[in-house]
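Below is one structure, written out as structure tokens; comments come after it.
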Amino acid sequence: EALRVLRRAVDLGVNFIDTAAAYGPEVSERLIAEALHPYPDDLIVATKTGLQRSGPNAWHPDGRPETIRRECELSLKLLRVDTIDLYQLHRPDPGVPLEDSLGTIVELRDEGKVRLIGVSNVNAAELRRAQAVTEIVSVQNRASFGDRSSDDVLAICEADGIAFLPWAPLDGGDLTRARHLEAIAAAHDATTGQVAIAWLLARSPMMLPIPGTSSVAHLEENVAAAALQLSAEEIAQLA
């Protein structure tokens with residue numbers, strides 16, 4: 001089913017796929033290559049480094065330069081590419097200066113193994129520190145209709161032309177039951193999840209939601225949300 005989801009996504013016109021070394025670990029990158037390699041010319045596959053998964057719901061930041069280099073080599077192998085389109089620091093490591101972690105990714109870029117650099121799970125101050133090290137083209141933070149804690153980071157992204165990738169844009173499914181969205185969903189013959197995605201897209205031209213899914217049916221529902229146009233009045237109701 002995972003292979004079907006990936007192939008169907010490309011069929012539907014999706015041209016950006018986000019993954020990470022920690023997803024599995026290693027399973028997601030392997031599946032992406034199995035399903036889609038050789039990749040379409042317009043497809044960007046982004047991956048991440050700096051977060052270890054030791055078990056279910058057990059995540060540990062590891063931003064050491066040697067870890068980042070090791071994971072980069074593994075991601076290149078699993079994705080079957082010579083250069084990673086977008087390499088993102090998955091999460092700042094409190095035990096490693098952010099500048100050291102990002103500096104290693106800059107070195108990888110200079111070696112031709114990475115094309116563009118992004119960060120994930122950062123606050124506004126950390127984003128500014130990252131920008132002092134290198135050009136940052138994307139920020140991936142948790143954000144949704146119910147979670148607006150990164151609005152200050154989004155404001156920086158809008159001002160500086162940085163793509164903002166909200167992860168968990170459906171709050172892990174909780175948004176599909178949000179009462180605030182039900183009336184608007186009914187008016188559009190849509191689901192509350194689709195309204196939640198459409199609301200994110202309407203908030204900013206820098207917004208690129210990355211809803212995860214494990215089924216083709218849910219994928220198709222998510223992609224259809226991009227065509228849902230909310231009125232100014234509806235957007236105001238959800239502000």
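Lettering and numbering for the structure tokens are positional, with chains as A, B, ... in the shown order, residues counted from 1 in each chain, and ligands counted from 1 in the shown order.
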Within 12 Å of range 181-199 of chain A, which residues of range 132-154 of chain A come that close, and what is the closest atom pair and distance in Å for each? Count only C-alpha atoms and give it as CSV.
residue,atom,partner,partner_atom,distance
A:Ala143,CA,A:Ile197,CA,10.7
A:Ser144,CA,A:Ala196,CA,7.4
A:Phe145,CA,A:Ala196,CA,6.1
A:Gly146,CA,A:Ala196,CA,9.2
A:Asp147,CA,A:Ala196,CA,11.4
Limited to C-alpha atoms, could you put the picked residues into a file as a short mmCIF file (atom, residue, chain, number, x, y, z; two decimals), in the first residue's frame?
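After the write, part.cif holds the following:
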data_model
loop_
_atom_site.label_atom_id
_atom_site.label_comp_id
_atom_site.auth_asym_id
_atom_site.auth_seq_id
_atom_site.Cartn_x
_atom_site.Cartn_y
_atom_site.Cartn_z
CA ALA A 143 1.48 23.84 12.53
CA SER A 144 -2.21 23.41 11.93
CA PHE A 145 -5.59 25.02 12.49
CA GLY A 146 -5.29 24.04 16.15
CA ASP A 147 -1.57 24.73 16.58
#
Hey, what's within 12 Å of range 151-167 of chain A if we count only C-alpha atoms and toss same-chain stuff fewer than 4 positions away? As an MDAnalysis selection string, please?
chainID A and resid 16:19 46 86 88 90 116:128 131 135:147 171:172 196:197 200:201 203:213
Those of range 10-136 of chain A in DSSP strand (DSSP E or B), formatted as JSON, numbers by chain
{"A": [16, 17, 18, 44, 45, 46, 47, 48, 49, 51, 52, 53, 54, 55, 58, 59, 60, 61, 84, 85, 86, 87, 88, 89, 114, 115, 116, 117, 118, 119, 120]}
So that I have them on file, write out the residues from the current selection with N, CA and C atoms, as a PDB file, in the first residue's frame.
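The result, stored in selection.pdb:
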ATOM      1  N   PHE A  16       6.549  17.123  -4.550  1.00  0.00           N
ATOM      2  CA  PHE A  16       7.414  17.300  -3.379  1.00  0.00           C
ATOM      3  C   PHE A  16       7.076  16.208  -2.374  1.00  0.00           C
ATOM      4  N   ILE A  17       8.082  15.432  -1.991  1.00  0.00           N
ATOM      5  CA  ILE A  17       7.899  14.366  -1.010  1.00  0.00           C
ATOM      6  C   ILE A  17       8.904  14.574   0.109  1.00  0.00           C
ATOM      7  N   ASP A  18       8.426  14.581   1.334  1.00  0.00           N
ATOM      8  CA  ASP A  18       9.291  14.780   2.498  1.00  0.00           C
ATOM      9  C   ASP A  18       9.455  13.469   3.251  1.00  0.00           C
ATOM     10  N   ILE A  44      10.855  16.691  -6.321  1.00  0.00           N
ATOM     11  CA  ILE A  44      11.838  17.001  -5.280  1.00  0.00           C
ATOM     12  C   ILE A  44      11.609  16.046  -4.112  1.00  0.00           C
ATOM     13  N   VAL A  45      12.643  15.321  -3.754  1.00  0.00           N
ATOM     14  CA  VAL A  45      12.583  14.448  -2.582  1.00  0.00           C
ATOM     15  C   VAL A  45      13.456  15.065  -1.503  1.00  0.00           C
ATOM     16  N   ALA A  46      12.830  15.472  -0.428  1.00  0.00           N
ATOM     17  CA  ALA A  46      13.533  16.085   0.701  1.00  0.00           C
ATOM     18  C   ALA A  46      13.664  15.060   1.816  1.00  0.00           C
ATOM     19  N   THR A  47      14.807  15.051   2.469  1.00  0.00           N
ATOM     20  CA  THR A  47      14.972  14.171   3.619  1.00  0.00           C
ATOM     21  C   THR A  47      15.614  14.951   4.760  1.00  0.00           C
ATOM     22  N   LYS A  48      15.733  14.305   5.901  1.00  0.00           N
ATOM     23  CA  LYS A  48      16.195  15.001   7.104  1.00  0.00           C
ATOM     24  C   LYS A  48      17.224  14.157   7.848  1.00  0.00           C
ATOM     25  N   THR A  49      18.007  14.843   8.663  1.00  0.00           N
ATOM     26  CA  THR A  49      19.037  14.212   9.470  1.00  0.00           C
ATOM     27  C   THR A  49      19.045  14.826  10.864  1.00  0.00           C
ATOM     28  N   LEU A  51      17.991  13.225  13.872  1.00  0.00           N
ATOM     29  CA  LEU A  51      17.038  12.708  14.854  1.00  0.00           C
ATOM     30  C   LEU A  51      17.062  11.191  14.780  1.00  0.00           C
ATOM     31  N   GLN A  52      17.269  10.559  15.930  1.00  0.00           N
ATOM     32  CA  GLN A  52      17.327   9.103  15.993  1.00  0.00           C
ATOM     33  C   GLN A  52      16.022   8.552  16.548  1.00  0.00           C
ATOM     34  N   ARG A  53      15.635   7.400  16.047  1.00  0.00           N
ATOM     35  CA  ARG A  53      14.438   6.719  16.555  1.00  0.00           C
ATOM     36  C   ARG A  53      14.854   5.359  17.088  1.00  0.00           C
ATOM     37  N   SER A  54      14.776   5.213  18.393  1.00  0.00           N
ATOM     38  CA  SER A  54      15.217   3.973  19.023  1.00  0.00           C
ATOM     39  C   SER A  54      14.076   2.994  19.285  1.00  0.00           C
ATOM     40  N   GLY A  55      12.846   3.449  19.053  1.00  0.00           N
ATOM     41  CA  GLY A  55      11.690   2.585  19.280  1.00  0.00           C
ATOM     42  C   GLY A  55      10.413   3.367  19.062  1.00  0.00           C
ATOM     43  N   ALA A  58       9.926   6.954  20.405  1.00  0.00           N
ATOM     44  CA  ALA A  58      11.180   7.251  21.098  1.00  0.00           C
ATOM     45  C   ALA A  58      12.103   7.971  20.125  1.00  0.00           C
ATOM     46  N   TRP A  59      12.193   9.292  20.275  1.00  0.00           N
ATOM     47  CA  TRP A  59      12.963  10.125  19.356  1.00  0.00           C
ATOM     48  C   TRP A  59      14.052  10.858  20.128  1.00  0.00           C
ATOM     49  N   HIS A  60      15.255  10.882  19.577  1.00  0.00           N
ATOM     50  CA  HIS A  60      16.388  11.481  20.274  1.00  0.00           C
ATOM     51  C   HIS A  60      17.209  12.320  19.290  1.00  0.00           C
ATOM     52  N   PRO A  61      17.353  13.631  19.545  1.00  0.00           N
ATOM     53  CA  PRO A  61      18.169  14.456  18.643  1.00  0.00           C
ATOM     54  C   PRO A  61      19.631  14.044  18.695  1.00  0.00           C
ATOM     55  N   ILE A  84      21.151  15.059  -2.696  1.00  0.00           N
ATOM     56  CA  ILE A  84      19.852  15.202  -2.033  1.00  0.00           C
ATOM     57  C   ILE A  84      19.293  16.579  -2.375  1.00  0.00           C
ATOM     58  N   ASP A  85      18.078  16.614  -2.901  1.00  0.00           N
ATOM     59  CA  ASP A  85      17.472  17.877  -3.342  1.00  0.00           C
ATOM     60  C   ASP A  85      17.404  18.899  -2.208  1.00  0.00           C
ATOM     61  N   LEU A  86      16.859  18.479  -1.083  1.00  0.00           N
ATOM     62  CA  LEU A  86      16.700  19.350   0.087  1.00  0.00           C
ATOM     63  C   LEU A  86      17.046  18.548   1.325  1.00  0.00           C
ATOM     64  N   TYR A  87      18.084  18.965   2.040  1.00  0.00           N
ATOM     65  CA  TYR A  87      18.509  18.267   3.247  1.00  0.00           C
ATOM     66  C   TYR A  87      18.201  19.163   4.441  1.00  0.00           C
ATOM     67  N   GLN A  88      17.443  18.611   5.390  1.00  0.00           N
ATOM     68  CA  GLN A  88      16.952  19.403   6.511  1.00  0.00           C
ATOM     69  C   GLN A  88      17.490  18.861   7.836  1.00  0.00           C
ATOM     70  N   LEU A  89      17.892  19.774   8.713  1.00  0.00           N
ATOM     71  CA  LEU A  89      18.234  19.375  10.071  1.00  0.00           C
ATOM     72  C   LEU A  89      16.931  19.103  10.812  1.00  0.00           C
ATOM     73  N   VAL A 114      24.483  17.641  -1.337  1.00  0.00           N
ATOM     74  CA  VAL A 114      23.248  18.318  -0.941  1.00  0.00           C
ATOM     75  C   VAL A 114      23.072  19.535  -1.835  1.00  0.00           C
ATOM     76  N   ARG A 115      21.842  19.793  -2.278  1.00  0.00           N
ATOM     77  CA  ARG A 115      21.606  20.961  -3.133  1.00  0.00           C
ATOM     78  C   ARG A 115      21.093  22.148  -2.342  1.00  0.00           C
ATOM     79  N   LEU A 116      20.062  21.938  -1.517  1.00  0.00           N
ATOM     80  CA  LEU A 116      19.456  23.006  -0.733  1.00  0.00           C
ATOM     81  C   LEU A 116      19.361  22.578   0.722  1.00  0.00           C
ATOM     82  N   ILE A 117      19.303  23.581   1.620  1.00  0.00           N
ATOM     83  CA  ILE A 117      19.333  23.296   3.050  1.00  0.00           C
ATOM     84  C   ILE A 117      18.103  23.878   3.742  1.00  0.00           C
ATOM     85  N   GLY A 118      17.508  23.079   4.629  1.00  0.00           N
ATOM     86  CA  GLY A 118      16.371  23.530   5.420  1.00  0.00           C
ATOM     87  C   GLY A 118      16.541  23.142   6.877  1.00  0.00           C
ATOM     88  N   VAL A 119      15.662  23.660   7.712  1.00  0.00           N
ATOM     89  CA  VAL A 119      15.662  23.325   9.136  1.00  0.00           C
ATOM     90  C   VAL A 119      14.261  22.909   9.549  1.00  0.00           C
ATOM     91  N   SER A 120      14.184  22.248  10.685  1.00  0.00           N
ATOM     92  CA  SER A 120      12.906  21.733  11.168  1.00  0.00           C
ATOM     93  C   SER A 120      12.850  21.864  12.684  1.00  0.00           C
TER      94      SER A 120
END
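Comparing the minimum interatomic distances between Ala227 in chain A and each of A:Glu71, A:Val5, A:Thr134, A:Ala202, counting only C-alpha atoms, we find that A:Ala202 sits nearest.
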Range 89-171 of chain A: which residues are alpha helix (DSSP H) by DSSP, as a VMD selection string?
chain A and resid 98 to 110 124 to 133 151 to 160
